[in-house]
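Content type compact mmCIF, C-alpha atoms and all ligand atoms, from the file model-v5.txt:
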# COMPACT_ATOMS: atom_id res chain seq x y z
CA MET V 11 0.00 0.00 0.00
CA ASN V 12 1.48 3.38 -0.93
CA LYS V 13 1.56 6.37 1.44
CA PHE V 14 -1.44 8.08 -0.10
CA GLN V 15 -3.56 4.92 0.25
CA PHE V 16 -2.40 4.48 3.85
CA ILE V 17 -3.55 8.01 4.74
CA LYS V 18 -6.71 7.73 2.64
CA GLU V 19 -7.64 4.58 4.56
CA TYR V 20 -7.29 6.56 7.81
CA CYS V 21 -9.49 9.34 6.36
CA ASP V 22 -12.14 6.86 5.28
CA ARG V 23 -12.11 5.28 8.73
CA TYR V 24 -12.50 8.46 10.78
CA GLY V 25 -13.54 11.14 8.31
CA TRP V 26 -17.27 10.46 8.61
CA GLN V 27 -17.22 11.66 12.24
CA TYR V 28 -16.83 15.29 11.17
CA GLY V 29 -17.88 14.79 7.55
CA SER V 30 -14.30 15.35 6.35
CA GLU V 31 -13.43 12.41 4.10
CA ASN V 32 -14.39 14.08 0.78
CA LYS V 33 -13.27 17.50 1.97
CA ALA V 34 -9.84 16.04 2.75
CA LEU V 35 -9.46 15.02 -0.91
CA PHE V 36 -10.49 18.50 -2.02
CA PHE V 37 -7.77 20.01 0.20
CA TYR V 38 -5.25 17.43 -1.01
CA SER V 39 -5.81 18.51 -4.63
CA LEU V 40 -5.81 22.20 -3.80
CA THR V 41 -2.52 21.80 -1.92
CA LYS V 42 -0.93 19.89 -4.80
CA MET V 43 -1.97 22.59 -7.29
CA PHE V 44 -1.58 25.78 -5.26
CA ARG V 45 1.65 24.68 -3.48
CA PRO V 46 1.06 26.62 -0.24
CA ARG V 47 3.92 27.33 2.15
CA THR V 48 1.84 28.08 5.25
CA VAL V 49 -1.49 26.42 5.99
CA ILE V 50 -3.40 27.06 9.21
CA GLU V 51 -6.15 24.75 10.40
CA LEU V 52 -8.26 25.88 13.34
CA GLY V 53 -9.69 22.67 14.81
CA ALA V 54 -7.79 19.43 14.13
CA GLY V 55 -10.33 16.74 15.08
CA TYR V 56 -8.92 13.37 14.02
CA GLY V 57 -6.42 15.13 11.75
CA VAL V 58 -8.22 13.86 8.64
CA VAL V 59 -7.82 17.08 6.64
CA THR V 60 -4.47 17.80 8.30
CA PHE V 61 -2.86 14.56 7.16
CA MET V 62 -4.19 14.80 3.61
CA ILE V 63 -2.80 18.33 3.29
CA GLY V 64 0.42 17.12 4.95
CA GLU V 65 0.80 14.33 2.38
CA ALA V 66 0.32 16.81 -0.48
CA LEU V 67 2.92 19.13 1.10
CA ARG V 68 5.33 16.18 1.36
CA LEU V 69 4.88 15.46 -2.34
CA ASN V 70 5.35 19.17 -3.09
CA GLY V 71 8.54 19.06 -1.02
CA GLU V 72 7.72 22.26 0.88
CA GLY V 73 5.24 23.91 3.22
CA THR V 74 3.84 23.33 6.70
CA ILE V 75 0.35 22.85 8.05
CA TYR V 76 -0.11 24.18 11.60
CA SER V 77 -3.21 22.57 13.08
CA TYR V 78 -4.55 24.06 16.32
CA ASP V 79 -6.88 22.36 18.79
CA ASN V 80 -7.75 22.81 22.45
CA GLY V 81 -8.54 19.12 22.94
CA SER V 82 -12.12 19.90 24.00
CA GLN V 83 -13.45 16.93 22.02
CA SER V 84 -10.54 14.68 22.92
CA ARG V 85 -12.61 12.44 25.19
CA ALA V 86 -15.01 11.48 22.42
CA ILE V 87 -12.15 11.11 19.93
CA MET V 88 -10.02 8.93 22.23
CA ASN V 89 -13.05 6.79 23.18
CA ASP V 90 -13.58 6.18 19.49
CA ILE V 91 -9.93 5.40 18.81
CA SER V 92 -9.27 3.25 21.90
CA PRO V 93 -12.70 2.13 23.18
CA GLU V 94 -11.19 -0.61 25.35
CA GLU V 95 -8.90 1.76 27.31
CA THR V 96 -9.82 3.91 30.33
CA ILE V 97 -7.94 7.16 29.74
CA GLU V 98 -7.52 9.70 32.55
CA ASP V 99 -5.83 12.52 30.67
CA CYS V 100 -7.75 12.50 27.39
CA SER V 101 -6.27 15.75 26.13
CA GLY V 102 -2.71 14.53 26.74
CA ALA V 103 -3.50 11.16 25.12
CA TYR V 104 -5.12 12.94 22.16
CA PHE V 105 -2.06 15.06 21.33
CA SER V 106 0.27 12.06 21.85
CA TYR V 107 -1.95 10.10 19.47
CA LEU V 108 -1.87 12.84 16.80
CA ASN V 109 1.91 13.12 17.09
CA LYS V 110 2.28 9.35 16.79
CA LYS V 111 0.21 9.50 13.59
CA ILE V 112 2.59 12.14 12.20
CA GLU V 113 5.37 9.57 12.72
CA ASP V 114 3.35 6.70 11.23
CA PHE V 115 2.61 8.79 8.13
CA GLU V 116 6.19 10.16 8.03
CA LEU V 117 4.97 13.75 7.88
CA GLY V 118 7.22 15.20 10.60
CA ASN V 119 8.60 17.91 8.32
CA TYR V 120 5.18 19.06 7.16
CA VAL V 121 2.60 18.75 9.97
CA LYS V 122 2.56 20.45 13.39
CA PHE V 123 -0.24 20.00 15.92
CA ILE V 124 -0.52 22.76 18.50
CA ASN V 125 -2.47 22.44 21.73
CA ALA V 126 -4.08 25.88 22.06
CA GLU V 127 -7.36 27.57 22.87
CA ILE V 128 -8.72 29.84 20.11
CA PRO V 129 -9.05 32.78 20.41
CA PRO V 130 -6.38 34.18 20.50
CA TYR V 131 -5.79 33.47 16.82
CA PRO V 132 -2.27 32.44 15.83
CA SER V 133 -0.99 35.42 13.85
CA GLN V 134 2.80 35.13 14.15
CA PHE V 135 3.12 34.33 10.44
CA ASP V 136 4.47 36.82 7.88
CA GLU V 137 2.27 35.35 5.17
CA VAL V 138 -0.45 32.73 5.08
CA ASP V 139 -1.57 30.76 2.02
CA ILE V 140 -4.57 28.81 3.31
CA VAL V 141 -6.71 29.08 6.45
CA PHE V 142 -9.28 26.41 7.29
CA SER V 143 -11.53 27.51 10.14
CA ASP V 144 -13.23 24.42 11.52
CA PHE V 145 -13.58 24.78 15.30
CA VAL V 146 -16.78 26.77 15.90
CA SER V 147 -19.22 28.21 13.38
CA SER V 148 -20.66 31.65 14.16
CA PRO V 149 -20.77 35.14 12.62
CA ALA V 150 -18.44 36.39 15.38
CA ILE V 151 -15.84 33.75 14.50
CA ILE V 152 -16.06 34.66 10.80
CA LEU V 153 -15.35 38.30 11.68
CA GLN V 154 -12.45 37.39 13.96
CA VAL V 155 -10.87 35.05 11.40
CA LEU V 156 -11.15 37.65 8.64
CA ALA V 157 -9.82 40.41 10.88
CA THR V 158 -6.79 38.29 11.77
CA TYR V 159 -5.90 36.71 8.45
CA LEU V 160 -6.99 39.01 5.61
CA PRO V 161 -3.95 41.28 6.06
CA LEU V 162 -1.65 38.23 6.11
CA MET V 163 -2.94 36.39 3.03
CA VAL V 164 -0.68 35.80 0.01
CA LYS V 165 -1.95 36.70 -3.45
CA GLY V 166 -4.36 33.96 -4.51
CA GLY V 167 -4.70 32.74 -0.91
CA SER V 168 -7.87 31.16 0.45
CA ILE V 169 -9.83 31.22 3.68
CA PHE V 170 -12.28 28.39 4.31
CA PHE V 171 -15.13 28.35 6.82
CA ASP V 172 -16.56 24.98 7.64
CA SER V 173 -20.37 24.65 7.93
CA CYS V 174 -20.75 28.31 7.00
CA ALA V 175 -23.42 27.73 4.38
CA SER V 176 -25.33 25.45 6.74
CA HIS V 177 -26.13 28.34 9.12
CA PHE V 178 -28.08 31.24 7.69
CA SER V 179 -26.45 33.78 10.02
CA CYS V 180 -22.94 32.67 8.95
CA TYR V 181 -23.91 32.50 5.29
CA SER V 182 -25.40 36.01 5.37
CA THR V 183 -22.38 37.41 7.22
CA ILE V 184 -19.79 36.12 4.77
CA GLU V 185 -21.93 37.08 1.76
CA PHE V 186 -22.38 40.62 3.10
CA ILE V 187 -18.72 41.12 3.99
CA THR V 188 -17.52 39.79 0.62
CA GLU V 189 -19.74 42.30 -1.16
CA ARG V 190 -18.38 45.11 0.99
CA LEU V 191 -14.77 44.10 0.41
CA ASN V 192 -15.34 43.94 -3.35
CA SER V 193 -16.70 47.47 -3.26
CA GLY V 194 -13.41 48.55 -1.64
CA LYS V 195 -14.88 49.12 1.82
CA ILE V 196 -13.58 47.50 5.00
CA PRO V 197 -16.33 47.07 7.61
CA LEU V 198 -15.08 49.01 10.65
CA ILE V 199 -15.63 46.02 12.90
CA LEU V 200 -12.79 44.22 11.11
CA LEU V 201 -10.39 47.03 11.95
CA GLU V 202 -11.14 47.17 15.66
CA GLY V 203 -7.97 46.37 17.56
CA CYS V 204 -5.73 46.86 14.49
CA ASP V 205 -2.77 49.18 14.91
CA GLU V 206 -1.89 51.72 12.21
CA GLU V 207 0.47 49.35 10.39
CA LEU V 208 -2.14 46.59 10.21
CA ARG V 209 -4.83 49.03 9.03
CA GLU V 210 -2.56 50.07 6.18
CA LYS V 211 -1.90 46.44 5.24
CA PHE V 212 -5.61 45.76 5.37
CA ALA V 213 -6.41 48.75 3.16
CA LEU V 214 -3.82 47.64 0.60
CA VAL V 215 -5.15 44.09 0.42
CA VAL V 216 -8.72 45.31 -0.09
CA LYS V 217 -7.74 47.94 -2.64
CA ASN V 218 -5.72 45.50 -4.77
CA SER V 219 -7.83 42.36 -4.50
CA ARG V 220 -10.85 40.66 -5.91
CA PHE V 221 -12.72 38.46 -3.42
CA THR V 222 -14.44 35.37 -4.75
CA LEU V 223 -16.83 33.46 -2.54
CA LYS V 224 -18.02 29.94 -3.29
CA HIS V 225 -20.18 27.74 -1.09
CA ILE V 226 -19.53 24.06 -1.50
CA ASN V 227 -22.13 21.53 -0.45
CA ASP V 228 -21.10 17.90 -0.15
CA VAL V 229 -24.40 16.51 -1.39
CA ALA V 230 -22.99 12.99 -1.27
CA LYS V 231 -23.35 13.22 2.52
CA LYS V 232 -26.79 12.53 3.93
CA THR V 233 -26.66 15.30 6.51
CA GLN V 234 -26.03 18.97 5.67
CA ASN V 235 -22.31 19.31 5.00
CA THR V 236 -20.91 22.54 3.63
CA PHE V 237 -17.89 24.76 3.59
CA SER V 238 -17.39 28.23 2.18
CA TRP V 239 -14.34 29.27 0.20
CA LEU V 240 -13.18 32.88 0.09
CA GLN V 241 -10.36 33.41 -2.37
CA ILE V 242 -8.32 36.60 -2.40
CA GLU V 243 -6.88 37.21 -5.84
CA PRO V 244 -5.05 40.24 -7.20
CA ALA V 245 -7.38 42.60 -9.07
CA ASP V 246 -5.91 41.96 -12.51
CA LEU V 247 -6.98 41.39 -16.10
CA VAL V 248 -5.57 37.87 -16.16
CA PRO V 249 -5.82 34.93 -13.75
CA HIS V 250 -3.35 34.58 -10.91
CA PRO V 251 -0.66 33.30 -11.03
CA ARG V 252 0.27 34.39 -14.53
CA THR V 253 1.40 31.32 -16.41
CA ASN V 254 1.06 30.51 -20.09
CA ILE V 255 -1.88 32.70 -20.90
CA MET V 256 -2.70 33.08 -24.60
CA TYR V 257 -3.73 36.48 -25.91
C1 LIG V 301 -15.03 19.66 13.61
S1 LIG V 301 -13.60 19.25 14.50
C2 LIG V 301 -12.31 19.56 13.33
C3 LIG V 301 -12.31 18.60 12.19
C4 LIG V 301 -11.11 18.68 11.27
N1 LIG V 301 -10.82 20.04 10.83
C5 LIG V 301 -11.35 17.80 10.04
O1 LIG V 301 -11.85 18.33 9.04
O2 LIG V 301 -11.06 16.61 10.08
C6 LIG V 301 -13.48 20.61 15.61
C7 LIG V 301 -12.27 20.57 16.54
O3 LIG V 301 -12.17 21.88 17.12
C8 LIG V 301 -11.70 21.77 18.45
N2 LIG V 301 -12.13 22.99 19.15
C9 LIG V 301 -13.39 23.35 19.52
N3 LIG V 301 -13.39 24.56 20.12
C10 LIG V 301 -12.10 25.00 20.11
C11 LIG V 301 -11.45 26.19 20.56
N4 LIG V 301 -12.12 27.20 21.14
N5 LIG V 301 -10.11 26.29 20.40
C12 LIG V 301 -9.41 25.29 19.79
N6 LIG V 301 -9.97 24.16 19.33
C13 LIG V 301 -11.30 24.00 19.49
C14 LIG V 301 -12.33 20.46 18.95
O4 LIG V 301 -11.55 19.90 19.99
C15 LIG V 301 -12.38 19.59 17.70
O5 LIG V 301 -11.30 18.67 17.65
What's the structure tokens form of this structure?
Ligand SMILES: C[S@@+](CC[C@H](N)C(=O)[O-])C[C@H]1O[C@@H](n2cnc3c(N)ncnc32)[C@H](O)[C@@H]1O
Amino acid sequence: MNKFQFIKEYCDRYGWQYGSENKALFFYSLTKMFRPRTVIELGAGYGVVTFMIGEALRLNGEGTIYSYDNGSQSRAIMNDISPEETIEDCSGAYFSYLNKKIEDFELGNYVKFINAEIPPYPSQFDEVDIVFSDFVSSPAIILQVLATYLPLMVKGGSIFFDSCASHFSCYSTIEFITERLNSGKIPLILLEGCDEELREKFALVVKNSRFTLKHINDVAKKTQNTFSWLQIEPADLVPHPRTNIMY
């Protein structure tokens, strides 16, 4: 069995718990094609999406996925993984388990799990290629994620919100904000707490970008299963990145 099949088998085994098995393949392809350097996942779960992105990064030969989790669902996850064991410290066991999987899948150079409560949002990165927000779904979280990461996104970068199109309040929020951003206006609420330097960065991103929003519904799943994809491309006459375009 090759590495991809090994990881895919893991995704098929545990992916259904959070409806991630098809999504993981989507992210695998996107990672292979877009070749991100920095990917941030907020909410690791079983690591289904994390490991698929990690495998694509390994094949690309560069990039890191930083996957953050506070272990709040670690009891359910560990009960599922080791039903026969009585585990005292579920959070500790959960992170040990995830790190052991990194070793099993030989993804040590590409995948980092971080035990952290969100917020605060990890923002120590100079540039971010992909953000996948999959810990809590609410309009407030959408605003916080956009406020943190929009100024840090690379050209052509993407921010994903899980379950966004399954909640009308989240769907309306992201639709409304995308329209505002495309009209060159930054809702003031996104700038609250930004210092002068960050405000300038924000203004530049909005001025020079085109924001494309797509809601993806995994209709193969029986229950409602969606994610929303906000892509931030340079406002240009040709697609980004410029490759062999014919005129
Ligand atoms: C839906 S699961 C993530 C699934 C994963 N992204 C995937 O697609 O396979 C949500 C995860 O978020 C974590 N979580 C929930 N609230 C959190 C918070 N405030 N800070 C950090 N992690 C949190 C939970 O422990 C859980 O593992």
Protein and nucleic residues near ligand LIG 301 (chain V), 9 Å, only C-alpha atoms and all ligand atoms, as an mmCIF file with C-alpha atoms, in the frame of the given file:
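Written out: part.cif:
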data_model
loop_
_atom_site.group_PDB
_atom_site.id
_atom_site.type_symbol
_atom_site.label_atom_id
_atom_site.label_comp_id
_atom_site.auth_asym_id
_atom_site.auth_seq_id
_atom_site.Cartn_x
_atom_site.Cartn_y
_atom_site.Cartn_z
ATOM 1 C CA CYS V 21 -9.490 9.340 6.360
ATOM 2 C CA TYR V 24 -12.500 8.460 10.780
ATOM 3 C CA GLY V 25 -13.540 11.140 8.310
ATOM 4 C CA TRP V 26 -17.270 10.460 8.610
ATOM 5 C CA GLN V 27 -17.220 11.660 12.240
ATOM 6 C CA TYR V 28 -16.830 15.290 11.170
ATOM 7 C CA GLY V 29 -17.880 14.790 7.550
ATOM 8 C CA SER V 30 -14.300 15.350 6.350
ATOM 9 C CA GLU V 31 -13.430 12.410 4.100
ATOM 10 C CA LYS V 33 -13.270 17.500 1.970
ATOM 11 C CA ALA V 34 -9.840 16.040 2.750
ATOM 12 C CA GLU V 51 -6.150 24.750 10.400
ATOM 13 C CA LEU V 52 -8.260 25.880 13.340
ATOM 14 C CA GLY V 53 -9.690 22.670 14.810
ATOM 15 C CA ALA V 54 -7.790 19.430 14.130
ATOM 16 C CA GLY V 55 -10.330 16.740 15.080
ATOM 17 C CA TYR V 56 -8.920 13.370 14.020
ATOM 18 C CA GLY V 57 -6.420 15.130 11.750
ATOM 19 C CA VAL V 58 -8.220 13.860 8.640
ATOM 20 C CA VAL V 59 -7.820 17.080 6.640
ATOM 21 C CA THR V 60 -4.470 17.800 8.300
ATOM 22 C CA PHE V 61 -2.860 14.560 7.160
ATOM 23 C CA SER V 77 -3.210 22.570 13.080
ATOM 24 C CA TYR V 78 -4.550 24.060 16.320
ATOM 25 C CA ASP V 79 -6.880 22.360 18.790
ATOM 26 C CA ASN V 80 -7.750 22.810 22.450
ATOM 27 C CA GLY V 81 -8.540 19.120 22.940
ATOM 28 C CA SER V 82 -12.120 19.900 24.000
ATOM 29 C CA GLN V 83 -13.450 16.930 22.020
ATOM 30 C CA SER V 84 -10.540 14.680 22.920
ATOM 31 C CA ILE V 87 -12.150 11.110 19.930
ATOM 32 C CA ASN V 125 -2.470 22.440 21.730
ATOM 33 C CA ALA V 126 -4.080 25.880 22.060
ATOM 34 C CA GLU V 127 -7.360 27.570 22.870
ATOM 35 C CA ILE V 128 -8.720 29.840 20.110
ATOM 36 C CA PRO V 129 -9.050 32.780 20.410
ATOM 37 C CA PRO V 130 -6.380 34.180 20.500
ATOM 38 C CA PHE V 142 -9.280 26.410 7.290
ATOM 39 C CA SER V 143 -11.530 27.510 10.140
ATOM 40 C CA ASP V 144 -13.230 24.420 11.520
ATOM 41 C CA PHE V 145 -13.580 24.780 15.300
ATOM 42 C CA VAL V 146 -16.780 26.770 15.900
ATOM 43 C CA ASP V 172 -16.560 24.980 7.640
#
Exercise. Which polymer residues have any atom within 12 Å of an atom of Ser39 (chain V), counting only C-alpha atoms, with same-chain residues fewer than 6 positions away left out, as a PyMOL selection string?
Worked result: chain V and resi 32-33+45-46+59+62-67+69-70
Problem set entry | Point-to-point distance from CA of Thr236 (chain V) to CA of Ile112 (chain V), Å rounded to tenths | 27.1 Å
Exercise. Of the residues V:Ala157, V:Asn12, V:Thr188, V:Phe178, which is the one nearest to Leu208 (chain V), using only C-alpha atoms?
Worked result: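 Result for the nearest residue to Leu208 (chain V): V:Ala157.
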Exercise. Which residue gives the smallest distance to Val138 (chain V) among V:His225, V:Arg47, V:Lys110, V:Arg209, with all atoms listed in the file counted?
Worked result: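 For Val138 (chain V), the nearest of the candidates is V:Arg47.
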Exercise. So how many Å separate CA of Lys13 (chain V) and CA of Ile140 (chain V), to one decimal?
Worked result: 23.3 Å
Exercise. In Å to one decimal, how far is CA of Val229 (chain V) from CA of His177 (chain V)?
Worked result: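 CA of Val229 (chain V) lies 15.9 Å from CA of His177 (chain V).
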Problem set entry | Nearest to Thr74 (chain V) by atom-to-atom distance, counting all atoms listed in the file, from V:Tyr120, V:Phe105, V:Phe44, V:Tyr38 | V:Tyr120
For this session: Please provide the set of residues having any atom within 6 Å of region 239-243 of chain V, restricted to all atoms listed in the file, with same-chain residues fewer than 4 positions apart removed, written as a list in words.
Result: Lys165, Gly166, Gly167, Ser168, Ile169, Phe170, Ser219, Arg220, Phe221, Thr222, Leu223 and Lys224 of chain V
Problem set entry | Among the residues V:Phe237, V:Lys122, V:Met163, V:Ile255, the one that comes closest to Ser147 (chain V) [using all atoms listed in the file] |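 Distance minimum relative to Ser147 (chain V) lands on V:Phe237.
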Problem set entry | Shortest interatomic distance to Phe123 (chain V) - which of V:Met11, V:Leu214, V:Ala175, V:Ile50, counting all atoms listed in the file |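 Checking each of V:Met11, V:Leu214, V:Ala175, V:Ile50 against Phe123 (chain V), counting all atoms listed in the file, the winner is V:Ile50.
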Atom completion result for region 131-167 of chain V (N, CA and C atoms) as a compact mmCIF listing (two decimals), in the coordinates of the input:
# COMPACT_ATOMS: atom_id res chain seq x y z
N TYR V 131 -6.10 34.09 18.11
CA TYR V 131 -5.79 33.47 16.82
C TYR V 131 -4.29 33.53 16.56
N PRO V 132 -3.71 32.41 16.13
CA PRO V 132 -2.27 32.44 15.83
C PRO V 132 -1.99 33.37 14.66
N SER V 133 -1.20 34.41 14.90
CA SER V 133 -0.99 35.42 13.85
C SER V 133 0.48 35.78 13.73
N GLN V 134 1.35 34.85 14.17
CA GLN V 134 2.80 35.13 14.15
C GLN V 134 3.42 34.94 12.78
N PHE V 135 2.59 34.65 11.76
CA PHE V 135 3.12 34.33 10.44
C PHE V 135 3.26 35.60 9.59
N ASP V 136 4.33 35.66 8.77
CA ASP V 136 4.47 36.82 7.88
C ASP V 136 3.43 36.76 6.79
N GLU V 137 3.24 35.55 6.26
CA GLU V 137 2.27 35.35 5.17
C GLU V 137 1.58 34.01 5.36
N VAL V 138 0.32 33.97 4.95
CA VAL V 138 -0.45 32.73 5.08
C VAL V 138 -1.08 32.42 3.72
N ASP V 139 -1.02 31.16 3.32
CA ASP V 139 -1.57 30.76 2.02
C ASP V 139 -3.01 30.26 2.14
N ILE V 140 -3.24 29.41 3.14
CA ILE V 140 -4.57 28.81 3.31
C ILE V 140 -4.93 28.80 4.79
N VAL V 141 -6.17 29.21 5.08
CA VAL V 141 -6.71 29.08 6.45
C VAL V 141 -7.96 28.22 6.35
N PHE V 142 -8.06 27.23 7.22
CA PHE V 142 -9.28 26.41 7.29
C PHE V 142 -9.83 26.54 8.71
N SER V 143 -10.93 27.29 8.83
CA SER V 143 -11.53 27.51 10.14
C SER V 143 -12.60 26.46 10.39
N ASP V 144 -12.33 25.56 11.32
CA ASP V 144 -13.23 24.42 11.52
C ASP V 144 -13.28 24.06 13.01
N PHE V 145 -13.48 25.09 13.86
CA PHE V 145 -13.58 24.78 15.30
C PHE V 145 -14.95 25.16 15.85
N VAL V 146 -15.45 26.35 15.50
CA VAL V 146 -16.78 26.77 15.90
C VAL V 146 -17.32 27.57 14.71
N SER V 147 -18.62 27.49 14.50
CA SER V 147 -19.22 28.21 13.38
C SER V 147 -20.15 29.29 13.91
N SER V 148 -19.78 30.55 13.73
CA SER V 148 -20.66 31.65 14.16
C SER V 148 -20.24 32.91 13.42
N PRO V 149 -21.14 33.89 13.28
CA PRO V 149 -20.77 35.14 12.62
C PRO V 149 -19.57 35.81 13.32
N ALA V 150 -19.54 35.75 14.65
CA ALA V 150 -18.44 36.39 15.38
C ALA V 150 -17.10 35.76 15.00
N ILE V 151 -17.10 34.44 14.86
CA ILE V 151 -15.84 33.75 14.50
C ILE V 151 -15.43 34.14 13.08
N ILE V 152 -16.39 34.25 12.18
CA ILE V 152 -16.06 34.66 10.80
C ILE V 152 -15.37 36.03 10.83
N LEU V 153 -15.94 36.96 11.59
CA LEU V 153 -15.35 38.30 11.68
C LEU V 153 -13.94 38.24 12.25
N GLN V 154 -13.77 37.46 13.31
CA GLN V 154 -12.45 37.39 13.96
C GLN V 154 -11.41 36.76 13.02
N VAL V 155 -11.82 35.72 12.31
CA VAL V 155 -10.87 35.05 11.40
C VAL V 155 -10.48 36.01 10.27
N LEU V 156 -11.46 36.71 9.72
CA LEU V 156 -11.15 37.65 8.64
C LEU V 156 -10.27 38.79 9.15
N ALA V 157 -10.60 39.30 10.32
CA ALA V 157 -9.82 40.41 10.88
C ALA V 157 -8.37 39.99 11.10
N THR V 158 -8.16 38.75 11.50
CA THR V 158 -6.79 38.29 11.77
C THR V 158 -6.03 37.99 10.48
N TYR V 159 -6.68 37.27 9.55
CA TYR V 159 -5.90 36.71 8.45
C TYR V 159 -5.94 37.49 7.14
N LEU V 160 -6.97 38.30 6.91
CA LEU V 160 -6.99 39.01 5.61
C LEU V 160 -5.70 39.79 5.35
N PRO V 161 -5.18 40.52 6.35
CA PRO V 161 -3.95 41.28 6.06
C PRO V 161 -2.73 40.40 5.85
N LEU V 162 -2.83 39.11 6.21
CA LEU V 162 -1.65 38.23 6.11
C LEU V 162 -1.68 37.33 4.87
N MET V 163 -2.79 37.37 4.11
CA MET V 163 -2.94 36.39 3.03
C MET V 163 -2.04 36.69 1.83
N VAL V 164 -1.47 35.63 1.25
CA VAL V 164 -0.68 35.80 0.01
C VAL V 164 -1.65 36.06 -1.15
N LYS V 165 -1.13 36.52 -2.25
CA LYS V 165 -1.95 36.70 -3.45
C LYS V 165 -2.48 35.33 -3.89
N GLY V 166 -3.77 35.25 -4.10
CA GLY V 166 -4.36 33.96 -4.51
C GLY V 166 -4.69 33.06 -3.33
N GLY V 167 -4.46 33.55 -2.11
CA GLY V 167 -4.70 32.74 -0.91
C GLY V 167 -6.19 32.51 -0.66
